[in-house]
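Chemist: File follows, protein_11.txt with compact mmCIF, C-alpha atoms:
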# COMPACT_ATOMS: atom_id res chain seq x y z
CA MET A 1 1.87 -4.47 19.37
CA ALA A 2 3.52 -6.29 16.47
CA MET A 3 1.80 -8.47 13.89
CA ASN A 4 3.31 -11.41 12.06
CA LEU A 5 3.27 -10.48 8.40
CA CYS A 6 4.73 -12.78 5.75
CA GLY A 7 7.37 -14.11 8.10
CA PHE A 8 8.45 -10.83 9.69
CA GLU A 9 7.14 -8.70 12.55
CA ALA A 10 5.32 -5.51 11.54
CA GLY A 11 4.57 -2.75 14.00
CA LEU A 12 5.50 0.64 15.35
CA ASP A 13 8.35 -0.88 17.35
CA ARG A 14 9.71 -2.89 14.42
CA PRO A 15 11.82 -1.82 11.42
CA LEU A 16 10.11 -0.24 8.45
CA PHE A 17 8.79 -2.60 5.78
CA LEU A 18 8.04 -1.84 2.13
CA ILE A 19 5.13 -2.74 -0.13
CA ALA A 20 6.09 -1.83 -3.70
CA GLY A 21 5.73 -2.68 -7.36
CA PRO A 22 4.04 -1.52 -10.57
CA CYS A 23 0.43 -0.40 -10.20
CA VAL A 24 -0.87 -3.09 -12.52
CA VAL A 25 0.47 -6.27 -14.08
CA GLU A 26 1.74 -5.25 -17.51
CA SER A 27 3.82 -8.28 -18.53
CA GLU A 28 5.44 -11.27 -16.87
CA GLN A 29 8.94 -10.02 -17.63
CA LEU A 30 8.33 -6.54 -16.22
CA GLN A 31 6.89 -7.93 -13.00
CA ILE A 32 9.80 -10.34 -12.52
CA ASP A 33 12.42 -7.69 -13.33
CA VAL A 34 10.94 -5.10 -10.97
CA ALA A 35 10.40 -7.61 -8.17
CA GLY A 36 13.98 -8.83 -8.48
CA GLN A 37 15.45 -5.33 -8.34
CA LEU A 38 13.29 -4.36 -5.38
CA LYS A 39 14.22 -7.54 -3.54
CA ASP A 40 17.92 -6.80 -4.02
CA MET A 41 17.53 -3.22 -2.78
CA CYS A 42 15.55 -4.25 0.26
CA SER A 43 17.92 -7.10 1.11
CA ALA A 44 20.87 -4.71 1.05
CA LEU A 45 19.05 -2.35 3.42
CA SER A 46 17.53 -5.12 5.63
CA VAL A 47 14.01 -3.94 4.76
CA PRO A 48 11.23 -6.57 4.78
CA PHE A 49 9.60 -6.47 1.34
CA ILE A 50 6.23 -7.39 -0.18
CA PHE A 51 5.80 -7.12 -3.94
CA LYS A 52 2.60 -5.37 -5.09
CA SER A 53 0.80 -5.42 -8.41
CA SER A 54 -2.85 -5.68 -9.47
CA TYR A 55 -4.30 -8.15 -11.95
CA ASP A 56 -7.24 -5.80 -12.48
CA LYS A 57 -7.88 -2.15 -11.64
CA ALA A 58 -11.64 -1.75 -11.53
CA ASN A 59 -11.51 1.90 -10.46
CA ARG A 60 -10.22 3.50 -13.68
CA SER A 61 -11.17 7.04 -14.71
CA SER A 62 -12.27 5.88 -18.17
CA SER A 63 -13.60 2.61 -19.54
CA LYS A 64 -10.83 2.88 -22.16
CA SER A 65 -8.04 2.87 -19.54
CA TYR A 66 -5.88 -0.25 -19.18
CA ARG A 67 -7.18 -2.39 -16.33
CA GLY A 68 -4.73 -5.29 -16.40
CA PRO A 69 -4.58 -8.80 -17.87
CA GLY A 70 -7.48 -10.08 -15.79
CA MET A 71 -7.61 -12.50 -12.89
CA THR A 72 -6.50 -15.74 -14.53
CA GLU A 73 -3.44 -14.38 -16.34
CA GLY A 74 -2.64 -11.83 -13.64
CA LEU A 75 -2.60 -14.40 -10.86
CA ARG A 76 -0.50 -16.73 -13.02
CA ILE A 77 2.11 -13.98 -13.41
CA LEU A 78 2.05 -13.12 -9.71
CA ALA A 79 2.53 -16.81 -8.92
CA GLU A 80 5.60 -16.77 -11.19
CA VAL A 81 6.97 -13.75 -9.33
CA LYS A 82 6.63 -15.69 -6.07
CA ARG A 83 8.21 -18.79 -7.55
CA GLN A 84 11.13 -17.15 -9.31
CA ILE A 85 11.95 -14.19 -7.03
CA ARG A 86 10.78 -15.78 -3.77
CA VAL A 87 9.08 -12.76 -2.31
CA PRO A 88 5.60 -12.41 -0.75
CA VAL A 89 3.03 -10.86 -3.08
CA LEU A 90 0.09 -8.49 -2.53
CA THR A 91 -2.78 -7.70 -4.90
CA ASP A 92 -6.12 -5.87 -4.83
CA VAL A 93 -9.48 -7.58 -4.84
CA HIS A 94 -12.61 -5.69 -5.91
CA GLU A 95 -15.41 -8.23 -5.69
CA GLU A 96 -16.38 -10.87 -3.13
CA ASP A 97 -16.27 -13.63 -5.72
CA GLU A 98 -12.59 -12.85 -6.48
CA ILE A 99 -11.37 -13.29 -2.94
CA ALA A 100 -10.92 -17.05 -2.63
CA GLU A 101 -9.09 -17.41 -5.94
CA ALA A 102 -6.76 -14.51 -5.22
CA ALA A 103 -6.08 -15.70 -1.67
CA ALA A 104 -5.01 -19.09 -3.02
CA VAL A 105 -2.10 -17.38 -4.83
CA VAL A 106 -1.04 -14.20 -3.02
CA ASP A 107 0.21 -13.63 0.52
CA VAL A 108 -1.60 -10.37 1.32
CA LEU A 109 -4.94 -9.07 0.07
CA GLN A 110 -5.66 -5.37 -0.34
CA THR A 111 -9.00 -3.58 -0.39
CA PRO A 112 -9.53 -0.47 -2.53
CA ALA A 113 -10.09 2.72 -0.55
CA PHE A 114 -13.55 3.32 -1.97
CA LEU A 115 -14.76 -0.05 -0.62
CA CYS A 116 -13.68 0.42 3.00
CA ARG A 117 -17.28 0.90 4.18
CA GLN A 118 -18.71 -2.10 2.32
CA THR A 119 -19.39 -4.32 5.32
CA ASP A 120 -19.96 -7.65 3.58
CA PHE A 121 -16.91 -7.15 1.37
CA ILE A 122 -14.62 -6.26 4.30
CA ARG A 123 -15.83 -9.24 6.30
CA ALA A 124 -15.33 -11.58 3.35
CA VAL A 125 -11.76 -10.41 2.73
CA ALA A 126 -10.90 -10.66 6.43
CA THR A 127 -12.02 -14.31 6.57
CA ALA A 128 -9.95 -15.40 3.56
CA GLY A 129 -7.08 -16.54 5.77
CA LYS A 130 -4.57 -13.91 4.63
CA PRO A 131 -3.42 -10.57 6.06
CA VAL A 132 -5.42 -7.67 4.64
CA ASN A 133 -4.24 -4.15 3.90
CA ILE A 134 -7.35 -1.97 4.22
CA LYS A 135 -6.98 1.40 2.57
CA LYS A 136 -8.76 4.25 4.30
CA GLY A 137 -11.29 5.92 2.03
CA GLN A 138 -10.44 9.39 0.78
CA PHE A 139 -13.76 10.44 2.33
CA LEU A 140 -13.20 8.87 5.75
CA ALA A 141 -11.92 10.42 8.97
CA PRO A 142 -8.98 8.44 10.39
CA GLU A 143 -10.78 7.66 13.65
CA ASP A 144 -13.57 6.02 11.64
CA MET A 145 -11.16 3.27 10.61
CA ALA A 146 -11.78 1.81 14.08
CA ASN A 147 -15.23 0.71 12.88
CA VAL A 148 -13.80 -0.82 9.71
CA VAL A 149 -11.21 -2.77 11.69
CA ALA A 150 -13.85 -3.92 14.18
CA LYS A 151 -15.90 -5.41 11.34
CA ALA A 152 -12.85 -7.20 9.97
CA ARG A 153 -11.71 -8.58 13.32
CA GLU A 154 -15.20 -9.68 14.25
CA ALA A 155 -15.33 -11.68 11.03
CA SER A 156 -11.83 -13.18 11.14
CA GLY A 157 -11.44 -13.64 14.88
CA ARG A 158 -7.79 -12.67 14.72
CA ASP A 159 -5.38 -9.79 14.20
CA ASN A 160 -4.70 -9.90 10.47
CA ILE A 161 -5.36 -6.29 9.47
CA LEU A 162 -3.15 -3.44 8.28
CA VAL A 163 -4.59 0.06 7.91
CA CYS A 164 -3.36 2.30 5.12
CA GLU A 165 -3.51 6.08 4.66
CA ARG A 166 -3.63 7.35 1.07
CA GLY A 167 -4.74 10.96 1.39
CA ALA A 168 -8.08 12.70 1.83
CA SER A 169 -10.14 14.44 -0.84
CA PHE A 170 -9.56 18.19 -0.77
CA GLY A 171 -11.67 19.87 -3.42
CA TYR A 172 -11.73 18.55 -6.96
CA HIS A 173 -8.83 16.46 -8.35
CA ASN A 174 -6.73 16.87 -5.24
CA LEU A 175 -5.72 14.93 -2.15
CA VAL A 176 -3.99 16.04 1.03
CA SER A 177 -2.15 13.94 3.59
CA ASP A 178 -2.76 14.82 7.22
CA MET A 179 0.08 13.26 9.19
CA ARG A 180 -2.07 13.32 12.32
CA SER A 181 -4.14 10.53 10.76
CA LEU A 182 -1.18 8.15 11.04
CA ALA A 183 -1.08 8.63 14.81
CA ILE A 184 -4.87 8.50 15.10
CA MET A 185 -5.08 5.19 13.25
CA ARG A 186 -2.59 3.60 15.68
CA ALA A 187 -5.54 3.42 18.08
CA THR A 188 -6.91 0.56 15.96
CA GLY A 189 -4.04 -1.58 17.24
CA CYS A 190 -3.12 -2.40 13.62
CA PRO A 191 0.19 -1.68 11.90
CA VAL A 192 -0.19 1.60 10.02
CA VAL A 193 1.00 1.89 6.41
CA PHE A 194 1.45 5.11 4.43
CA ASP A 195 0.74 5.04 0.70
CA ALA A 196 3.21 7.62 -0.58
CA THR A 197 2.33 7.38 -4.26
CA HIS A 198 -1.48 7.41 -4.30
CA SER A 199 -1.29 10.33 -1.86
CA VAL A 200 0.18 12.49 -4.65
CA GLN A 201 -2.40 11.34 -7.19
CA LEU A 202 -4.70 13.92 -8.80
CA PRO A 203 -7.83 11.77 -9.27
CA GLY A 204 -9.29 12.27 -12.72
CA GLY A 205 -6.98 15.25 -13.11
CA GLN A 206 -6.20 14.59 -16.77
CA GLY A 207 -9.78 14.13 -17.95
CA THR A 208 -9.87 10.46 -18.90
CA THR A 209 -6.95 9.57 -16.62
CA SER A 210 -5.64 10.57 -13.22
CA GLY A 211 -2.71 12.91 -12.89
CA GLY A 212 -0.08 12.97 -10.21
CA GLN A 213 2.82 14.88 -8.69
CA ARG A 214 5.56 12.30 -8.22
CA GLU A 215 8.04 14.99 -7.18
CA PHE A 216 6.23 15.08 -3.83
CA VAL A 217 6.47 11.33 -3.16
CA PRO A 218 9.75 11.73 -1.20
CA VAL A 219 8.36 14.72 0.71
CA LEU A 220 5.33 12.82 1.98
CA ALA A 221 7.21 9.56 2.50
CA ARG A 222 9.81 11.27 4.69
CA ALA A 223 7.10 13.06 6.67
CA ALA A 224 5.17 9.84 7.25
CA VAL A 225 8.21 7.88 8.41
CA ALA A 226 9.14 10.74 10.72
CA ALA A 227 5.59 10.67 12.14
CA GLY A 228 5.98 6.95 12.83
CA VAL A 229 4.59 4.16 10.66
CA ALA A 230 5.05 0.41 10.38
CA GLY A 231 5.40 0.38 6.62
CA VAL A 232 5.40 2.38 3.41
CA PHE A 233 3.54 1.57 0.19
CA MET A 234 4.95 2.88 -3.09
CA GLU A 235 4.09 2.09 -6.67
CA THR A 236 7.19 2.12 -8.84
CA HIS A 237 7.99 1.59 -12.51
CA PRO A 238 11.19 1.59 -14.61
CA ASP A 239 9.56 4.05 -17.05
CA PRO A 240 6.75 5.93 -15.30
CA ALA A 241 6.01 8.12 -18.33
CA ASN A 242 4.98 5.00 -20.24
CA ALA A 243 3.40 3.01 -17.39
CA LEU A 244 -0.01 1.63 -18.33
CA SER A 245 -1.60 2.77 -15.05
CA ASP A 246 -0.86 5.52 -12.49
CA GLY A 247 2.37 6.59 -14.19
CA PRO A 248 2.17 10.26 -13.08
CA ASN A 249 2.34 9.28 -9.40
CA ALA A 250 4.69 6.27 -9.69
CA TRP A 251 8.19 6.65 -8.28
CA PRO A 252 10.99 5.82 -10.76
CA LEU A 253 12.54 2.44 -10.03
CA ASP A 254 16.06 3.74 -10.55
CA ARG A 255 15.51 6.31 -7.77
CA MET A 256 13.96 3.87 -5.31
CA ARG A 257 17.14 2.80 -3.51
CA GLU A 258 18.14 6.41 -2.89
CA LEU A 259 14.78 7.22 -1.33
CA LEU A 260 14.51 3.98 0.59
CA THR A 261 17.94 4.54 2.15
CA THR A 262 16.77 7.87 3.54
CA LEU A 263 13.54 6.37 4.84
CA VAL A 264 15.39 3.59 6.65
CA GLU A 265 17.71 6.10 8.31
CA LEU A 266 14.75 8.22 9.43
CA ASP A 267 12.89 5.18 10.69
CA GLU A 268 15.83 4.09 12.82
CA VAL A 269 16.11 7.54 14.42
CA VAL A 270 12.39 7.90 15.09
CA LYS A 271 11.97 4.43 16.57
CA ARG A 272 15.08 4.64 18.72
CA ARG A 273 13.02 6.28 21.48
CA ARG A 274 9.40 5.92 22.49
CA PHE A 275 6.67 7.97 20.84
CA VAL A 276 6.03 10.61 23.48
CA GLU A 277 2.60 11.52 22.09
CA THR A 278 1.17 8.18 23.17
CA ASP A 279 0.73 9.31 26.77
CA ILE A 280 -0.60 12.80 26.03
CA THR A 281 -4.36 13.30 26.43
CA VAL A 282 -5.83 15.99 24.21
CA HIS A 283 -9.00 17.68 25.50
CA ALA A 284 -11.37 19.19 22.98
Would you encode the structure as structure tokens?
Modeler:
Amino acid sequence: MAMNLCGFEAGLDRPLFLIAGPCVVESEQLQIDVAGQLKDMCSALSVPFIFKSSYDKANRSSSKSYRGPGMTEGLRILAEVKRQIRVPVLTDVHEEDEIAEAAAVVDVLQTPAFLCRQTDFIRAVATAGKPVNIKKGQFLAPEDMANVVAKAREASGRDNILVCERGASFGYHNLVSDMRSLAIMRATGCPVVFDATHSVQLPGGQGTTSGGQREFVPVLARAAVAAGVAGVFMETHPDPANALSDGPNAWPLDRMRELLTTLVELDEVVKRRRFVETDITVHA
């Protein structure tokens, strides 16, 4: 089943779409430059594109870490990206009282993984009138996303939900990506998105900041597309070493087209035939 998302159809039987951008809003010029380059890449490859950046990152390792310019300035910059580059925009919301103001500017709302079980918050985001990308908690089994989606749909009364895999906690400072979860979450009836950059994050791995292994972004992205997903999420930056947030797991902007070309080719091959696992019953 496909879902209308920002003017294109998103689903397992539709071409791969991309959600990408810098982790956090750093400056107006950076956001506009990155959005413009990503739009050009995606247009050349016929990939539907949603620009992503956060006006505030509430879930930092340290209180001294850069969180963003704040809601007022951040939303102003994201509105400029929409106006100048003419692309749909996605941002995170962390509190119920942020939702209405953010929804008035952006095209897609995103919920942080650690808030996926907060019932009132999920219901409030779902009723804001925008599609919502719900990230699966690092602590949650993929089948448990069915309950999260049920809460959201009950509140909104419509199909406006994406579900996003971003790795599961595996010991301290480490995440693993179980590709089975992508197939399991299809049972929600929502388009499934794979977050290829947060999946290589090492949460809190550098003491006051999170580490990351960006060299594995292509490995996991290729595996996820081969498993079958509707879309891929990737944070990217022209200079990851100096990014103000999540630099260690951001994919370099100048390598994005190369990777995206491969992902599109894989997606076309995988979706050319039906997914044979859909009619296989597994008995415990």
Chemist: What is the atom CA of A:Ala227-atom CA of A:Ser54 distance in Å, reported with one decimal?
Modeler: 28.4 Å
Chemist: With distances taken over only C-alpha atoms, which residue among A:Ile50, A:Leu244, A:Val25, A:Val34 lies nearest A:Gly70?
Modeler: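 Counting only C-alpha atoms, the residue closest to A:Gly70 is A:Val25.
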Chemist: List as a short mmCIF file (atom, residue, chain, number, x, y, z; two decimals) with C-alpha atoms, keeping the file's coordinate frame the protein and nucleic acid residues near stretch 191-200 of chain A, meaning an atom at most 8 Å away when only C-alpha atoms are counted, but skip any in the same chain fewer than 2 places from it.
Modeler:
data_model
loop_
_atom_site.label_atom_id
_atom_site.label_comp_id
_atom_site.auth_asym_id
_atom_site.auth_seq_id
_atom_site.Cartn_x
_atom_site.Cartn_y
_atom_site.Cartn_z
CA ALA A 2 3.52 -6.29 16.47
CA MET A 3 1.80 -8.47 13.89
CA ALA A 10 5.32 -5.51 11.54
CA GLY A 11 4.57 -2.75 14.00
CA LEU A 12 5.50 0.64 15.35
CA ILE A 161 -5.36 -6.29 9.47
CA LEU A 162 -3.15 -3.44 8.28
CA VAL A 163 -4.59 0.06 7.91
CA CYS A 164 -3.36 2.30 5.12
CA GLU A 165 -3.51 6.08 4.66
CA ARG A 166 -3.63 7.35 1.07
CA GLY A 167 -4.74 10.96 1.39
CA LEU A 175 -5.72 14.93 -2.15
CA VAL A 176 -3.99 16.04 1.03
CA SER A 177 -2.15 13.94 3.59
CA LEU A 182 -1.18 8.15 11.04
CA MET A 185 -5.08 5.19 13.25
CA ARG A 186 -2.59 3.60 15.68
CA GLY A 189 -4.04 -1.58 17.24
CA LEU A 202 -4.70 13.92 -8.80
CA GLY A 212 -0.08 12.97 -10.21
CA GLN A 213 2.82 14.88 -8.69
CA ARG A 214 5.56 12.30 -8.22
CA PHE A 216 6.23 15.08 -3.83
CA VAL A 217 6.47 11.33 -3.16
CA PRO A 218 9.75 11.73 -1.20
CA LEU A 220 5.33 12.82 1.98
CA ALA A 221 7.21 9.56 2.50
CA ALA A 224 5.17 9.84 7.25
CA VAL A 229 4.59 4.16 10.66
CA ALA A 230 5.05 0.41 10.38
CA GLY A 231 5.40 0.38 6.62
CA VAL A 232 5.40 2.38 3.41
CA PHE A 233 3.54 1.57 0.19
CA MET A 234 4.95 2.88 -3.09
CA GLU A 235 4.09 2.09 -6.67
CA ASN A 249 2.34 9.28 -9.40
CA ALA A 250 4.69 6.27 -9.69
CA TRP A 251 8.19 6.65 -8.28
#
Chemist: For A:Val89, which residue among A:Leu266, A:Cys6, A:Ala152, A:Leu140 is the nearest when counting all atoms listed in the file?
Modeler: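 Going through A:Leu266, A:Cys6, A:Ala152, A:Leu140 one by one, the smallest distance to A:Val89 is for A:Cys6.
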Chemist: Need to verify the contact set: stretch 119-128 of chain A, 12 Å, all atoms listed in the file, exclusion of same-chain residues closer than 3 positions in sequence. Can you return it as a VMD selection string?
Modeler: chain A and resid 92 to 116 131 to 135 145 147 to 162
Chemist: By how many Å are atom CA of A:Val269 and atom CA of A:Ala226 apart?
Modeler: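 The value is 8.5 Å.
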Chemist: For a quick check of understanding, using only C-alpha atoms, which of A:Ser46, A:Thr278, A:Asn242, A:Gln84 has the smallest distance to A:Leu16?
Modeler: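 So, comparing all the options, the nearest one is A:Ser46.
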Chemist: Need the shell around stretch 27-32 of chain A: protein/DNA/RNA residues with any atom at most 10 Å away, counting all atoms listed in the file. Skip same-chain ones fewer than 3 positions apart. Format as a tab-separated table (two decimals) with C-alpha atoms, in the frame of the given file?
Modeler:
chain	number	residue	atom	x	y	z
A	21	GLY	CA	5.73	-2.68	-7.36
A	22	PRO	CA	4.04	-1.52	-10.57
A	24	VAL	CA	-0.87	-3.09	-12.52
A	35	ALA	CA	10.40	-7.61	-8.17
A	36	GLY	CA	13.98	-8.83	-8.48
A	37	GLN	CA	15.45	-5.33	-8.34
A	38	LEU	CA	13.29	-4.36	-5.38
A	51	PHE	CA	5.80	-7.12	-3.94
A	52	LYS	CA	2.60	-5.37	-5.09
A	53	SER	CA	0.80	-5.42	-8.41
A	68	GLY	CA	-4.73	-5.29	-16.40
A	69	PRO	CA	-4.58	-8.80	-17.87
A	73	GLU	CA	-3.44	-14.38	-16.34
A	74	GLY	CA	-2.64	-11.83	-13.64
A	76	ARG	CA	-0.50	-16.73	-13.02
A	77	ILE	CA	2.11	-13.98	-13.41
A	78	LEU	CA	2.05	-13.12	-9.71
A	80	GLU	CA	5.60	-16.77	-11.19
A	81	VAL	CA	6.97	-13.75	-9.33
A	82	LYS	CA	6.63	-15.69	-6.07
A	83	ARG	CA	8.21	-18.79	-7.55
A	84	GLN	CA	11.13	-17.15	-9.31
A	85	ILE	CA	11.95	-14.19	-7.03
A	237	HIS	CA	7.99	1.59	-12.51
A	238	PRO	CA	11.19	1.59	-14.61
Chemist: Hey, can you check how far atom CA of A:His173 sits from atom CA of A:Thr91?
Modeler: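 We find that atom CA of A:His173 and atom CA of A:Thr91 lie 25.1 Å from each other.
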Chemist: Identify which of the residues A:Ala223, A:Val47, A:Ala241, A:Ala141 lies closest to A:Phe17, counting all atoms listed in the file when measuring atom-to-atom distances.
Modeler: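 The shortest atom-to-atom distance to A:Phe17 comes from A:Val47.
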